[in-house]
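Visitor: This is the content of model_23.cif (mmCIF, C-alpha atoms and all ligand atoms):
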data_target
#
loop_
_atom_site.label_atom_id
_atom_site.label_comp_id
_atom_site.auth_asym_id
_atom_site.auth_seq_id
_atom_site.Cartn_x
_atom_site.Cartn_y
_atom_site.Cartn_z
CA MET A 9 0.00 0.00 0.00
CA SER A 10 1.33 3.45 -0.84
CA LYS A 11 2.49 5.58 2.06
CA ALA A 12 -0.17 8.17 1.41
CA VAL A 13 -3.03 5.70 1.78
CA ALA A 14 -1.45 3.86 4.70
CA LYS A 15 -0.78 6.91 6.86
CA LYS A 16 -2.82 6.79 10.05
CA GLY A 17 -4.22 10.26 10.70
CA PRO A 18 -6.32 12.53 8.53
CA VAL A 19 -5.82 12.46 4.77
CA ARG A 20 -6.70 14.97 2.08
CA ALA A 21 -8.99 13.03 -0.21
CA LEU A 22 -10.26 14.35 -3.53
CA GLY A 23 -13.71 13.08 -4.47
CA ALA A 24 -15.17 13.32 -7.98
CA MET A 25 -18.74 12.76 -9.06
CA SER A 26 -20.29 12.84 -12.49
CA GLY A 27 -23.98 12.62 -11.75
CA THR A 28 -27.09 11.41 -13.51
CA SER A 29 -28.17 14.86 -14.69
CA LEU A 30 -25.13 14.80 -17.05
CA ASP A 31 -24.31 18.45 -16.37
CA GLY A 32 -20.65 17.98 -15.52
CA VAL A 33 -18.09 16.69 -13.02
CA ASP A 34 -17.86 18.01 -9.44
CA ALA A 35 -14.64 17.59 -7.49
CA ALA A 36 -13.96 18.51 -3.86
CA VAL A 37 -11.31 17.96 -1.21
CA ILE A 38 -12.25 16.61 2.17
CA VAL A 39 -9.97 16.07 5.15
CA THR A 40 -10.99 12.96 7.03
CA ASP A 41 -9.76 9.90 8.89
CA GLY A 42 -12.60 7.91 7.34
CA LEU A 43 -14.80 8.43 10.40
CA ASP A 44 -15.19 12.14 11.03
CA ILE A 45 -15.14 15.19 8.79
CA LEU A 46 -12.03 17.07 9.89
CA GLY A 47 -12.12 19.83 7.32
CA PHE A 48 -13.04 20.84 3.80
CA GLY A 49 -10.69 21.98 1.04
CA GLU A 50 -10.91 23.39 -2.47
CA SER A 51 -13.57 22.38 -4.95
CA ASP A 52 -14.02 22.82 -8.68
CA TYR A 53 -16.42 21.93 -11.49
CA ARG A 54 -15.96 20.97 -15.13
CA GLU A 55 -19.12 21.34 -17.19
CA TYR A 56 -19.70 18.92 -20.06
CA THR A 57 -19.95 20.64 -23.41
CA GLU A 58 -23.11 20.15 -25.42
CA GLU A 59 -21.32 17.59 -27.63
CA GLU A 60 -20.01 15.68 -24.61
CA ARG A 61 -23.45 15.63 -23.04
CA ALA A 62 -24.88 14.24 -26.26
CA VAL A 63 -22.27 11.44 -26.25
CA LEU A 64 -23.07 10.54 -22.63
CA SER A 65 -26.79 10.75 -23.19
CA ALA A 66 -26.54 8.42 -26.21
CA ALA A 67 -24.55 5.93 -24.10
CA LEU A 68 -27.12 5.69 -21.30
CA GLY A 69 -28.22 2.08 -20.93
CA LEU A 70 -25.02 0.62 -22.38
CA TRP A 71 -23.11 -2.15 -20.61
CA PRO A 72 -19.38 -2.90 -20.97
CA GLY A 73 -18.54 -3.99 -24.50
CA GLU A 74 -21.67 -2.45 -26.01
CA GLY A 75 -19.93 0.49 -27.67
CA GLU A 76 -19.33 2.85 -24.79
CA GLU A 77 -15.79 3.85 -25.81
CA LYS A 78 -16.74 7.42 -26.74
CA ALA A 79 -18.48 7.93 -23.39
CA ALA A 80 -15.41 6.55 -21.61
CA GLU A 81 -13.19 9.02 -23.48
CA VAL A 82 -15.44 11.94 -22.50
CA VAL A 83 -15.50 10.90 -18.84
CA MET A 84 -11.74 10.30 -18.64
CA ALA A 85 -10.77 13.54 -20.39
CA ALA A 86 -13.05 15.62 -18.16
CA HIS A 87 -11.73 13.96 -14.98
CA GLU A 88 -8.07 14.16 -15.95
CA ALA A 89 -8.40 17.87 -16.77
CA LEU A 90 -10.37 18.70 -13.63
CA LEU A 91 -8.56 16.56 -11.07
CA GLY A 92 -5.14 17.60 -12.40
CA ARG A 93 -5.83 21.12 -11.07
CA PHE A 94 -5.69 20.02 -7.41
CA ARG A 95 -2.51 19.90 -5.28
CA ASP A 96 -1.37 17.98 -2.17
CA ILE A 97 -3.86 15.17 -2.56
CA ASP A 98 -3.31 11.83 -0.77
CA LEU A 99 -6.06 9.81 -2.37
CA VAL A 100 -8.75 10.14 -5.07
CA GLY A 101 -12.32 8.80 -4.93
CA PHE A 102 -13.54 8.40 -8.51
CA HIS A 103 -17.22 7.58 -8.99
CA GLY A 104 -17.34 7.65 -12.80
CA GLN A 105 -20.49 8.09 -14.87
CA THR A 106 -23.35 5.67 -14.34
CA LEU A 107 -24.55 4.42 -17.72
CA ALA A 108 -26.76 1.61 -16.50
CA HIS A 109 -28.05 0.36 -13.17
CA GLU A 110 -29.91 -2.91 -12.77
CA PRO A 111 -29.09 -4.24 -9.29
CA ARG A 112 -31.36 -7.29 -9.63
CA GLY A 113 -30.15 -7.97 -13.15
CA ARG A 114 -26.94 -7.13 -14.91
CA GLY A 115 -25.54 -5.09 -12.00
CA THR A 116 -24.37 -1.52 -12.27
CA HIS A 117 -22.08 0.19 -14.73
CA GLN A 118 -20.00 3.31 -14.08
CA VAL A 119 -17.88 4.15 -17.07
CA GLY A 120 -14.31 5.32 -16.42
CA ASP A 121 -11.06 3.50 -15.68
CA GLY A 122 -9.52 4.00 -12.23
CA ASP A 123 -6.25 2.31 -13.27
CA ALA A 124 -5.75 4.81 -16.08
CA LEU A 125 -6.71 7.74 -13.82
CA ALA A 126 -4.21 6.63 -11.14
CA THR A 127 -1.46 6.63 -13.77
CA ALA A 128 -2.52 9.96 -15.26
CA LEU A 129 -2.68 11.70 -11.86
CA ASN A 130 0.15 9.74 -10.24
CA LEU A 131 -2.11 9.17 -7.23
CA PRO A 132 -3.91 6.21 -5.66
CA VAL A 133 -7.49 6.07 -6.91
CA VAL A 134 -10.45 4.28 -5.31
CA TRP A 135 -13.21 3.46 -7.81
CA ASP A 136 -15.93 0.92 -8.72
CA PHE A 137 -17.66 1.68 -5.41
CA ARG A 138 -20.93 -0.08 -6.21
CA SER A 139 -20.15 -3.58 -7.57
CA ALA A 140 -19.18 -5.34 -4.33
CA ASP A 141 -22.40 -4.22 -2.66
CA ILE A 142 -24.48 -5.64 -5.52
CA GLU A 143 -22.50 -8.89 -5.47
CA MET A 144 -23.51 -9.21 -1.82
CA GLY A 145 -27.19 -8.73 -2.56
CA GLY A 146 -27.38 -4.95 -2.19
CA GLU A 147 -28.77 -2.27 -4.48
CA GLY A 148 -25.32 -0.71 -4.99
CA ALA A 149 -26.96 2.67 -4.26
CA PRO A 150 -27.39 5.05 -2.59
CA LEU A 151 -23.86 5.23 -1.22
CA ALA A 152 -23.64 8.78 0.12
CA SER A 153 -25.55 7.60 3.24
CA PHE A 154 -22.45 6.91 5.39
CA TYR A 155 -21.21 10.39 4.51
CA HIS A 156 -24.59 11.86 5.45
CA HIS A 157 -24.14 10.26 8.86
CA ALA A 158 -20.76 12.03 9.20
CA CYS A 159 -22.42 15.28 8.06
CA ALA A 160 -25.17 14.96 10.67
CA ARG A 161 -22.51 14.55 13.36
CA TRP A 162 -20.47 17.42 11.90
CA ILE A 163 -23.44 19.83 12.09
CA GLY A 164 -24.04 18.73 15.68
CA ALA A 165 -27.53 17.30 15.06
CA GLN A 166 -28.99 15.99 18.33
CA GLY A 167 -31.86 14.01 16.82
CA PRO A 168 -32.88 12.41 13.51
CA VAL A 169 -32.41 14.50 10.38
CA ALA A 170 -32.88 13.62 6.72
CA PHE A 171 -30.73 14.48 3.72
CA LEU A 172 -32.40 14.72 0.35
CA ASN A 173 -30.24 14.80 -2.77
CA MET A 174 -32.18 16.22 -5.72
CA GLY A 175 -29.90 15.53 -8.68
CA GLY A 176 -31.00 13.69 -11.81
CA VAL A 177 -32.51 11.05 -9.53
CA GLY A 178 -33.57 11.78 -5.93
CA ASN A 179 -32.25 9.98 -2.89
CA LEU A 180 -33.08 10.28 0.77
CA THR A 181 -31.06 9.36 3.86
CA TRP A 182 -32.65 9.34 7.27
CA VAL A 183 -29.93 9.62 9.93
CA ASP A 184 -30.00 9.12 13.69
CA PRO A 185 -26.73 10.75 14.79
CA ARG A 186 -27.26 9.57 18.38
CA ILE A 187 -26.08 6.17 17.12
CA ALA A 188 -22.37 6.74 16.66
CA ARG A 189 -21.50 4.12 14.03
CA PRO A 190 -23.31 4.40 10.68
CA GLU A 191 -23.37 0.63 10.18
CA ALA A 192 -25.04 0.04 13.58
CA GLU A 193 -28.70 -0.93 13.51
CA GLY A 194 -31.04 2.06 13.55
CA ALA A 195 -28.45 4.67 12.52
CA LEU A 196 -29.46 4.99 8.86
CA LEU A 197 -32.13 4.33 6.30
CA SER A 198 -31.57 5.32 2.68
CA PHE A 199 -33.09 4.82 -0.74
CA ASP A 200 -33.80 6.51 -4.05
CA THR A 201 -37.07 8.46 -3.89
CA GLY A 202 -37.76 8.62 -7.62
CA PRO A 203 -36.81 10.68 -10.63
CA ALA A 204 -35.83 14.24 -9.65
CA ASN A 205 -34.47 16.73 -12.22
CA ALA A 206 -33.66 14.35 -15.08
CA PRO A 207 -37.20 14.25 -16.59
CA VAL A 208 -37.61 18.06 -16.49
CA ASN A 209 -34.15 18.45 -18.03
CA ASP A 210 -35.08 16.01 -20.79
CA LEU A 211 -38.38 17.81 -21.39
CA VAL A 212 -36.97 21.33 -21.67
CA TRP A 213 -34.10 20.05 -23.80
CA ALA A 214 -36.46 18.31 -26.23
CA ARG A 215 -39.01 21.13 -26.41
CA ARG A 216 -36.94 24.28 -25.92
CA GLY A 217 -33.26 23.36 -26.35
CA LEU A 218 -32.56 24.28 -22.70
CA ALA A 219 -30.29 22.28 -20.38
CA TYR A 220 -32.66 22.77 -17.42
CA ASP A 221 -35.60 24.84 -16.21
CA LYS A 222 -33.63 27.60 -14.47
CA ASP A 223 -35.21 28.60 -11.13
CA GLY A 224 -38.29 26.65 -12.19
CA GLU A 225 -39.37 29.55 -14.41
CA LEU A 226 -41.33 27.35 -16.79
CA ALA A 227 -42.84 25.11 -14.12
CA ARG A 228 -43.92 28.16 -12.11
CA GLN A 229 -46.16 29.28 -14.97
CA GLY A 230 -47.82 25.90 -15.28
CA GLU A 231 -50.18 23.70 -13.30
CA VAL A 232 -49.73 20.17 -12.10
CA GLU A 233 -51.99 17.79 -14.01
CA THR A 234 -53.33 15.70 -11.15
CA GLY A 235 -54.50 12.79 -13.30
CA ALA A 236 -50.99 12.26 -14.64
CA LEU A 237 -49.55 12.64 -11.14
CA GLU A 238 -51.89 10.00 -9.74
CA LEU A 239 -51.05 7.54 -12.51
CA PHE A 240 -47.36 8.09 -11.82
CA LEU A 241 -47.82 7.48 -8.09
CA ASP A 242 -49.61 4.17 -8.82
CA ASP A 243 -46.22 2.69 -9.62
CA PRO A 244 -45.43 -0.05 -7.07
CA TYR A 245 -41.95 1.42 -6.54
CA PHE A 246 -43.32 4.00 -4.11
CA SER A 247 -44.84 1.51 -1.69
CA ARG A 248 -41.87 -0.85 -1.85
CA ILE A 249 -40.09 -1.01 1.51
CA PRO A 250 -36.59 0.53 1.30
CA PRO A 251 -33.68 0.20 0.68
CA LYS A 252 -34.30 0.48 -3.07
CA SER A 253 -32.62 2.22 -5.97
CA LEU A 254 -33.36 3.38 -9.49
CA ASP A 255 -31.80 3.72 -12.89
CA ARG A 256 -31.86 7.25 -14.36
CA ASN A 257 -34.49 6.34 -16.92
CA ALA A 258 -36.50 3.97 -14.74
CA PHE A 259 -39.84 5.69 -15.40
CA PRO A 260 -40.06 6.04 -19.19
CA GLU A 261 -43.85 6.44 -18.98
CA MET A 262 -43.45 9.83 -17.27
CA MET A 263 -42.82 11.47 -20.60
CA SER A 264 -45.88 9.94 -22.23
CA LEU A 265 -47.99 11.08 -19.26
CA VAL A 266 -47.13 14.72 -20.03
CA ARG A 267 -46.85 14.45 -23.84
CA GLU A 268 -50.16 16.20 -24.52
CA LEU A 269 -49.55 19.00 -22.01
CA LYS A 270 -48.26 22.45 -22.93
CA ASP A 271 -44.65 23.09 -21.90
CA GLU A 272 -45.44 24.96 -18.68
CA ASP A 273 -47.91 22.33 -17.41
CA ALA A 274 -45.62 19.48 -18.46
CA ALA A 275 -42.71 21.02 -16.50
CA ALA A 276 -44.92 21.69 -13.46
CA THR A 277 -46.28 18.14 -13.58
CA LEU A 278 -42.84 16.50 -13.84
CA MET A 279 -41.62 18.65 -10.94
CA GLY A 280 -44.76 17.74 -9.01
CA MET A 281 -43.99 14.07 -9.63
CA ALA A 282 -40.45 14.49 -8.26
CA ALA A 283 -41.78 16.24 -5.15
CA ALA A 284 -44.61 13.72 -4.62
CA ALA A 285 -42.11 10.86 -4.87
CA VAL A 286 -40.16 12.48 -2.01
CA LEU A 287 -43.34 12.80 0.08
CA ARG A 288 -44.08 9.11 -0.46
CA GLY A 289 -40.48 8.38 0.49
CA MET A 290 -40.73 10.35 3.72
CA GLU A 291 -43.47 7.96 4.86
CA HIS A 292 -40.80 5.27 5.12
CA CYS A 293 -38.74 7.19 7.71
CA PRO A 294 -38.58 5.29 11.05
CA GLU A 295 -39.50 8.54 12.85
CA PRO A 296 -40.06 12.08 11.61
CA PRO A 297 -36.78 13.94 11.08
CA GLU A 298 -36.21 17.30 12.76
CA MET A 299 -35.45 18.79 9.36
CA LEU A 300 -35.04 17.87 5.73
CA LEU A 301 -31.70 19.12 4.40
CA VAL A 302 -31.70 19.40 0.63
CA THR A 303 -28.58 19.00 -1.47
CA GLY A 304 -27.99 18.73 -5.22
CA GLY A 305 -29.14 21.11 -7.96
CA GLY A 306 -32.83 20.77 -7.08
CA ARG A 307 -32.35 22.86 -3.94
CA LYS A 308 -31.84 25.86 -6.24
CA ASN A 309 -35.26 25.37 -7.78
CA PRO A 310 -37.73 27.49 -5.75
CA VAL A 311 -40.73 25.72 -7.30
CA LEU A 312 -39.51 22.34 -6.09
CA MET A 313 -38.54 23.68 -2.65
CA GLU A 314 -41.98 25.23 -2.27
CA MET A 315 -43.73 22.01 -3.28
CA LEU A 316 -41.72 20.14 -0.61
CA SER A 317 -42.18 22.78 2.09
CA VAL A 318 -45.95 23.02 1.80
CA SER A 319 -46.44 19.26 2.03
CA LEU A 320 -44.01 18.29 4.79
CA ASP A 321 -44.34 18.79 8.54
CA CYS A 322 -40.64 19.44 9.13
CA PRO A 323 -38.57 22.44 7.96
CA VAL A 324 -37.14 22.01 4.45
CA GLN A 325 -33.80 23.77 4.00
CA PRO A 326 -30.87 23.76 1.62
CA VAL A 327 -27.80 22.23 3.30
CA GLU A 328 -26.12 25.65 3.22
CA GLU A 329 -28.34 26.55 6.20
CA VAL A 330 -26.23 24.18 8.31
CA GLY A 331 -22.89 25.14 6.76
CA LEU A 332 -22.55 22.41 4.11
CA ASP A 333 -21.98 22.83 0.37
CA GLY A 334 -24.88 21.46 -1.64
CA ASP A 335 -23.02 21.65 -4.94
CA MET A 336 -20.19 19.48 -3.68
CA LEU A 337 -21.72 17.15 -1.14
CA GLU A 338 -21.73 14.08 -3.41
CA ALA A 339 -18.15 14.75 -4.56
CA GLN A 340 -17.09 15.05 -0.92
CA ALA A 341 -18.97 11.82 -0.21
CA PHE A 342 -16.84 9.86 -2.67
CA GLY A 343 -13.65 11.36 -1.18
CA TYR A 344 -14.84 10.31 2.26
CA LEU A 345 -15.83 6.83 1.05
CA ALA A 346 -12.45 6.44 -0.69
CA VAL A 347 -10.71 6.92 2.66
CA ARG A 348 -13.03 4.39 4.27
CA VAL A 349 -12.27 1.85 1.52
CA SER A 350 -8.51 2.41 1.90
CA ARG A 351 -8.83 1.77 5.65
CA GLY A 352 -11.02 -1.31 5.39
CA LEU A 353 -14.11 0.41 6.79
CA PRO A 354 -17.60 -0.39 5.46
CA THR A 355 -19.29 1.92 2.95
CA SER A 356 -22.78 0.39 2.98
CA CYS A 357 -24.89 -1.81 5.25
CA PRO A 358 -28.27 -3.58 5.20
CA SER A 359 -30.26 -0.42 5.95
CA THR A 360 -28.59 1.72 3.28
CA THR A 361 -28.55 -0.60 0.26
CA GLY A 362 -30.16 -3.85 1.43
CA VAL A 363 -26.78 -5.61 1.30
CA LYS A 364 -26.58 -8.81 3.38
CA MET A 365 -23.95 -7.39 5.74
CA SER A 366 -21.78 -4.29 5.97
CA VAL A 367 -19.41 -4.09 3.03
CA GLY A 368 -16.55 -1.84 1.97
CA GLY A 369 -16.96 -1.57 -1.78
CA GLY A 370 -14.36 -0.17 -4.14
CA LYS A 371 -11.17 -1.10 -5.96
CA VAL A 372 -7.88 0.63 -5.18
CA SER A 373 -5.60 1.40 -8.15
CA ARG A 374 -2.09 2.70 -7.68
CA PRO A 375 0.03 4.67 -10.12
N1 LIG B 401 -31.12 27.32 -10.53
C1 LIG B 401 -31.66 26.15 -10.80
N2 LIG B 401 -32.97 26.04 -11.07
C2 LIG B 401 -33.56 24.87 -11.37
N3 LIG B 401 -32.90 23.71 -11.43
C3 LIG B 401 -31.59 23.73 -11.18
C4 LIG B 401 -30.89 24.93 -10.85
N4 LIG B 401 -29.60 24.62 -10.66
C5 LIG B 401 -29.48 23.30 -10.87
N5 LIG B 401 -30.67 22.75 -11.17
C6 LIG B 401 -30.97 21.35 -11.53
O1 LIG B 401 -30.04 20.51 -10.88
C7 LIG B 401 -29.40 19.64 -11.83
C8 LIG B 401 -28.01 19.35 -11.39
O2 LIG B 401 -28.06 18.76 -10.14
P1 LIG B 401 -26.84 17.92 -9.56
O3 LIG B 401 -25.58 18.54 -9.98
O4 LIG B 401 -27.12 17.73 -8.13
O5 LIG B 401 -27.07 16.55 -10.34
P2 LIG B 401 -26.17 15.29 -10.45
O6 LIG B 401 -25.04 15.36 -9.46
O7 LIG B 401 -25.84 15.13 -11.87
O8 LIG B 401 -27.19 14.14 -10.09
P3 LIG B 401 -27.20 12.83 -9.12
O9 LIG B 401 -27.06 13.31 -7.71
O10 LIG B 401 -28.53 12.27 -9.42
O11 LIG B 401 -26.11 11.95 -9.54
C9 LIG B 401 -29.47 20.42 -13.14
O12 LIG B 401 -29.41 19.54 -14.25
C10 LIG B 401 -30.83 21.10 -13.01
O13 LIG B 401 -31.86 20.22 -13.39
C1 LIG B 402 -26.43 4.00 -9.72
C2 LIG B 402 -26.19 5.45 -9.45
O1 LIG B 402 -25.25 6.04 -9.95
N1 LIG B 402 -27.04 6.04 -8.62
C3 LIG B 402 -26.92 7.45 -8.25
C4 LIG B 402 -28.09 8.21 -8.86
O2 LIG B 402 -28.02 9.60 -8.53
C5 LIG B 402 -28.79 9.80 -7.33
C6 LIG B 402 -29.26 8.42 -6.98
O3 LIG B 402 -29.29 7.79 -8.26
C7 LIG B 402 -28.24 7.66 -6.09
O4 LIG B 402 -28.70 6.36 -5.88
C8 LIG B 402 -26.86 7.55 -6.75
O5 LIG B 402 -25.96 8.55 -6.41
C9 LIG B 402 -25.76 9.02 -5.11
C10 LIG B 402 -24.70 10.09 -5.12
C11 LIG B 402 -25.43 7.95 -4.08
O6 LIG B 402 -24.98 6.86 -4.40
O7 LIG B 402 -25.61 8.25 -2.89
#
Rewrite the coordinates I just gave you, this time as structure tokens.
Ligand SMILES: Nc1ncnc2c1ncn2[C@@H]1O[C@H](COP(=O)(O)OP(=O)(O)OP(=O)(O)O)[C@@H](O)[C@H]1O
Ligand SMILES: CC(=O)N[C@H]1[C@@H]2OC[C@@H](O2)[C@@H](O)[C@@H]1O[C@H](C)C(=O)O

Guide:
Amino acid sequence: MSKAVAKKGPVRALGAMSGTSLDGVDAAVIVTDGLDILGFGESDYREYTEEERAVLSAALGLWPGEGEEKAAEVVMAAHEALLGRFRDIDLVGFHGQTLAHEPRGRGTHQVGDGDALATALNLPVVWDFRSADIEMGGEGAPLASFYHHACARWIGAQGPVAFLNMGGVGNLTWVDPRIARPEAEGALLSFDTGPANAPVNDLVWARRGLAYDKDGELARQGEVETGALELFLDDPYFSRIPPKSLDRNAFPEMMSLVRELKDEDAAATLMGMAAAAVLRGMEHCPEPPEMLLVTGGGRKNPVLMEMLSVSLDCPVQPVEEVGLDGDMLEAQAFGYLAVRVSRGLPTSCPSTTGVKMSVGGGKVSRP
């Protein structure tokens, strides 16, 4: 093991996440011993160009060997350029780009090669975080849950809180910080709530050539079509007991449900579906959280935040309200998880992914 990974105290880990909304790569430094957050460092972002996004979008659903080379090139070039800007890094946590996710079938596929990245950066790289969990019967997602537990302790939460990540897909982690170890029974419950921003992005791209509905401007002018919403909520996914996870395009019927609607109503309805999926998800919490802390791009959408606030009994706040960075939380999570993997600590457990027993997923590649 390289000296940097083996050293005992805190390390400066660089986490990188290329999420399901296909907007770009986030990278952030976190200082941690794999248990506690000891500090935060620099962060940076590399947006995908329109051409790159088109390549990634066309590769969604592909499995290894099915012609994903172009997507791999896009992902690797973006990561090498972005991660090369950072200095004094001990270890990299590289999530890659999820192209396909079928935990009960073919597994999960994040494109990107950790071996090649380790060589390019001359640093140890932890990657392929999800496969081991799936091999042991888990969903392979969500994985940020253990980091959310560290966040809840870092903000000094005294009772249960919930983290909601509204990226392309939504995921929720209920945390009881009074239980010190995340893998201990009762400390965590996590699962994907449903589609979040991805359907609205797809809609405004197809109809208006926009990457996303900025500040919910389009949705704000429309009305939620309740018939479509009810049909969407009939899907058995929402009553399934968590843990559970989703592929980005797991609800293809959403688009046909709004096909006949004018742009404003279609955007409002898709946003309403994302919010309603969260409300259904909240019903699975073991006890009501003291607050819902929202991370990911969706927290910047006032229409979505309003939909959540009016329907939930607890305060709904962006994570910035408690001193965290909602643009970088997932990137930090994969830095934190990389340190855990390098130290043999678990990264998921039965209540976060449904895995049979706690598991530390992830390969370590050295330069
Ligand atoms: N000002 C804004 N108004 C409305 N929506 C926004 C705004 N800013 C960001 N978003 C939405 O958030 C998305 C990006 O979110 P984020 O970066 O959290 O996604 P991700 O990391 O790709 O996803 P995931 O967490 O699912 O992997 C954008 O594609 C857009 O839909
Ligand atoms: C398979 C996969 O990449 N899943 C992502 C996706 O994006 C959000 C949601 O679906 C979550 O399950 C996960 O990412 C977060 C960061 C996680 O693993 O916690």

Visitor: Mind listing whatever residues come within 7 Å of the point (-31.7, 16.0, 9.7)? Use all atoms listed in the file, file coordinates, and give them as JSON, numbers by chain.

Guide: {"A": [160, 165, 168, 169, 170, 171, 183, 297, 298, 299, 300, 301]}

Visitor: Might you pull out every residue within 6 Å of segment 222-238 of chain A, with only C-alpha atoms counted and same-chain residues fewer than 5 positions away left off, and present them as a list in words?

Guide: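 Counting only the stated atoms, we get Leu265, Glu272, Asp273, Ala275, Ala276, Thr277, Met281, Asn309 and Val311 of chain A.
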
Visitor: Extract, using only C-alpha atoms, all DNA, RNA and protein residues at most 9 Å from Val39 of chain A, discarding same-chain residues fewer than 3 positions from it, and format them as a short mmCIF file (atom, residue, chain, number, x, y, z; two decimals) with C-alpha atoms, in the frame of the given file.

Guide:
data_model
loop_
_atom_site.label_atom_id
_atom_site.label_comp_id
_atom_site.auth_asym_id
_atom_site.auth_seq_id
_atom_site.Cartn_x
_atom_site.Cartn_y
_atom_site.Cartn_z
CA PRO A 18 -6.32 12.53 8.53
CA VAL A 19 -5.82 12.46 4.77
CA ARG A 20 -6.70 14.97 2.08
CA ALA A 21 -8.99 13.03 -0.21
CA LEU A 22 -10.26 14.35 -3.53
CA GLY A 42 -12.60 7.91 7.34
CA ASP A 44 -15.19 12.14 11.03
CA ILE A 45 -15.14 15.19 8.79
CA LEU A 46 -12.03 17.07 9.89
CA GLY A 47 -12.12 19.83 7.32
CA PHE A 48 -13.04 20.84 3.80
CA GLY A 49 -10.69 21.98 1.04
CA GLY A 343 -13.65 11.36 -1.18
CA TYR A 344 -14.84 10.31 2.26
#

Visitor: Counting all atoms listed in the file, which of A:Ser51, A:Ser26, A:Thr40, A:Thr201 gets nearest to Ser253 of chain A?

Guide: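 Selected residue with least distance to Ser253 of chain A: A:Thr201.
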
Visitor: At a cut-off of 9 Å and counting all atoms listed in the file, what residues surround ligand LIG 402 (chain B)? Please answer as a PDB file with C-alpha atoms, in the frame of the given file.

Guide:
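Dumped to part.pdb:
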ATOM      1  CA  MET A  25     -18.740  12.760  -9.060  1.00  0.00           C
ATOM      2  CA  SER A  26     -20.290  12.840 -12.490  1.00  0.00           C
ATOM      3  CA  GLY A  27     -23.980  12.620 -11.750  1.00  0.00           C
ATOM      4  CA  THR A  28     -27.090  11.410 -13.510  1.00  0.00           C
ATOM      5  CA  SER A  29     -28.170  14.860 -14.690  1.00  0.00           C
ATOM      6  CA  HIS A 103     -17.220   7.580  -8.990  1.00  0.00           C
ATOM      7  CA  GLY A 104     -17.340   7.650 -12.800  1.00  0.00           C
ATOM      8  CA  GLN A 105     -20.490   8.090 -14.870  1.00  0.00           C
ATOM      9  CA  THR A 106     -23.350   5.670 -14.340  1.00  0.00           C
ATOM     10  CA  LEU A 107     -24.550   4.420 -17.720  1.00  0.00           C
ATOM     11  CA  ALA A 108     -26.760   1.610 -16.500  1.00  0.00           C
ATOM     12  CA  HIS A 109     -28.050   0.360 -13.170  1.00  0.00           C
ATOM     13  CA  GLU A 110     -29.910  -2.910 -12.770  1.00  0.00           C
ATOM     14  CA  PRO A 111     -29.090  -4.240  -9.290  1.00  0.00           C
ATOM     15  CA  THR A 116     -24.370  -1.520 -12.270  1.00  0.00           C
ATOM     16  CA  HIS A 117     -22.080   0.190 -14.730  1.00  0.00           C
ATOM     17  CA  GLN A 118     -20.000   3.310 -14.080  1.00  0.00           C
ATOM     18  CA  ARG A 138     -20.930  -0.080  -6.210  1.00  0.00           C
ATOM     19  CA  GLU A 147     -28.770  -2.270  -4.480  1.00  0.00           C
ATOM     20  CA  GLY A 148     -25.320  -0.710  -4.990  1.00  0.00           C
ATOM     21  CA  ALA A 149     -26.960   2.670  -4.260  1.00  0.00           C
ATOM     22  CA  PRO A 150     -27.390   5.050  -2.590  1.00  0.00           C
ATOM     23  CA  LEU A 151     -23.860   5.230  -1.220  1.00  0.00           C
ATOM     24  CA  ALA A 152     -23.640   8.780   0.120  1.00  0.00           C
ATOM     25  CA  SER A 153     -25.550   7.600   3.240  1.00  0.00           C
ATOM     26  CA  PHE A 154     -22.450   6.910   5.390  1.00  0.00           C
ATOM     27  CA  TYR A 155     -21.210  10.390   4.510  1.00  0.00           C
ATOM     28  CA  ASN A 173     -30.240  14.800  -2.770  1.00  0.00           C
ATOM     29  CA  MET A 174     -32.180  16.220  -5.720  1.00  0.00           C
ATOM     30  CA  GLY A 175     -29.900  15.530  -8.680  1.00  0.00           C
ATOM     31  CA  GLY A 176     -31.000  13.690 -11.810  1.00  0.00           C
ATOM     32  CA  VAL A 177     -32.510  11.050  -9.530  1.00  0.00           C
ATOM     33  CA  GLY A 178     -33.570  11.780  -5.930  1.00  0.00           C
ATOM     34  CA  ASN A 179     -32.250   9.980  -2.890  1.00  0.00           C
ATOM     35  CA  LEU A 180     -33.080  10.280   0.770  1.00  0.00           C
ATOM     36  CA  THR A 181     -31.060   9.360   3.860  1.00  0.00           C
ATOM     37  CA  SER A 198     -31.570   5.320   2.680  1.00  0.00           C
ATOM     38  CA  PHE A 199     -33.090   4.820  -0.740  1.00  0.00           C
ATOM     39  CA  ASP A 200     -33.800   6.510  -4.050  1.00  0.00           C
ATOM     40  CA  THR A 201     -37.070   8.460  -3.890  1.00  0.00           C
ATOM     41  CA  GLY A 202     -37.760   8.620  -7.620  1.00  0.00           C
ATOM     42  CA  PRO A 203     -36.810  10.680 -10.630  1.00  0.00           C
ATOM     43  CA  ALA A 204     -35.830  14.240  -9.650  1.00  0.00           C
ATOM     44  CA  LYS A 252     -34.300   0.480  -3.070  1.00  0.00           C
ATOM     45  CA  SER A 253     -32.620   2.220  -5.970  1.00  0.00           C
ATOM     46  CA  LEU A 254     -33.360   3.380  -9.490  1.00  0.00           C
ATOM     47  CA  ASP A 255     -31.800   3.720 -12.890  1.00  0.00           C
ATOM     48  CA  ARG A 256     -31.860   7.250 -14.360  1.00  0.00           C
ATOM     49  CA  LEU A 337     -21.720  17.150  -1.140  1.00  0.00           C
ATOM     50  CA  GLU A 338     -21.730  14.080  -3.410  1.00  0.00           C
ATOM     51  CA  ALA A 339     -18.150  14.750  -4.560  1.00  0.00           C
ATOM     52  CA  ALA A 341     -18.970  11.820  -0.210  1.00  0.00           C
ATOM     53  CA  PHE A 342     -16.840   9.860  -2.670  1.00  0.00           C
TER      54      PHE A 342
END
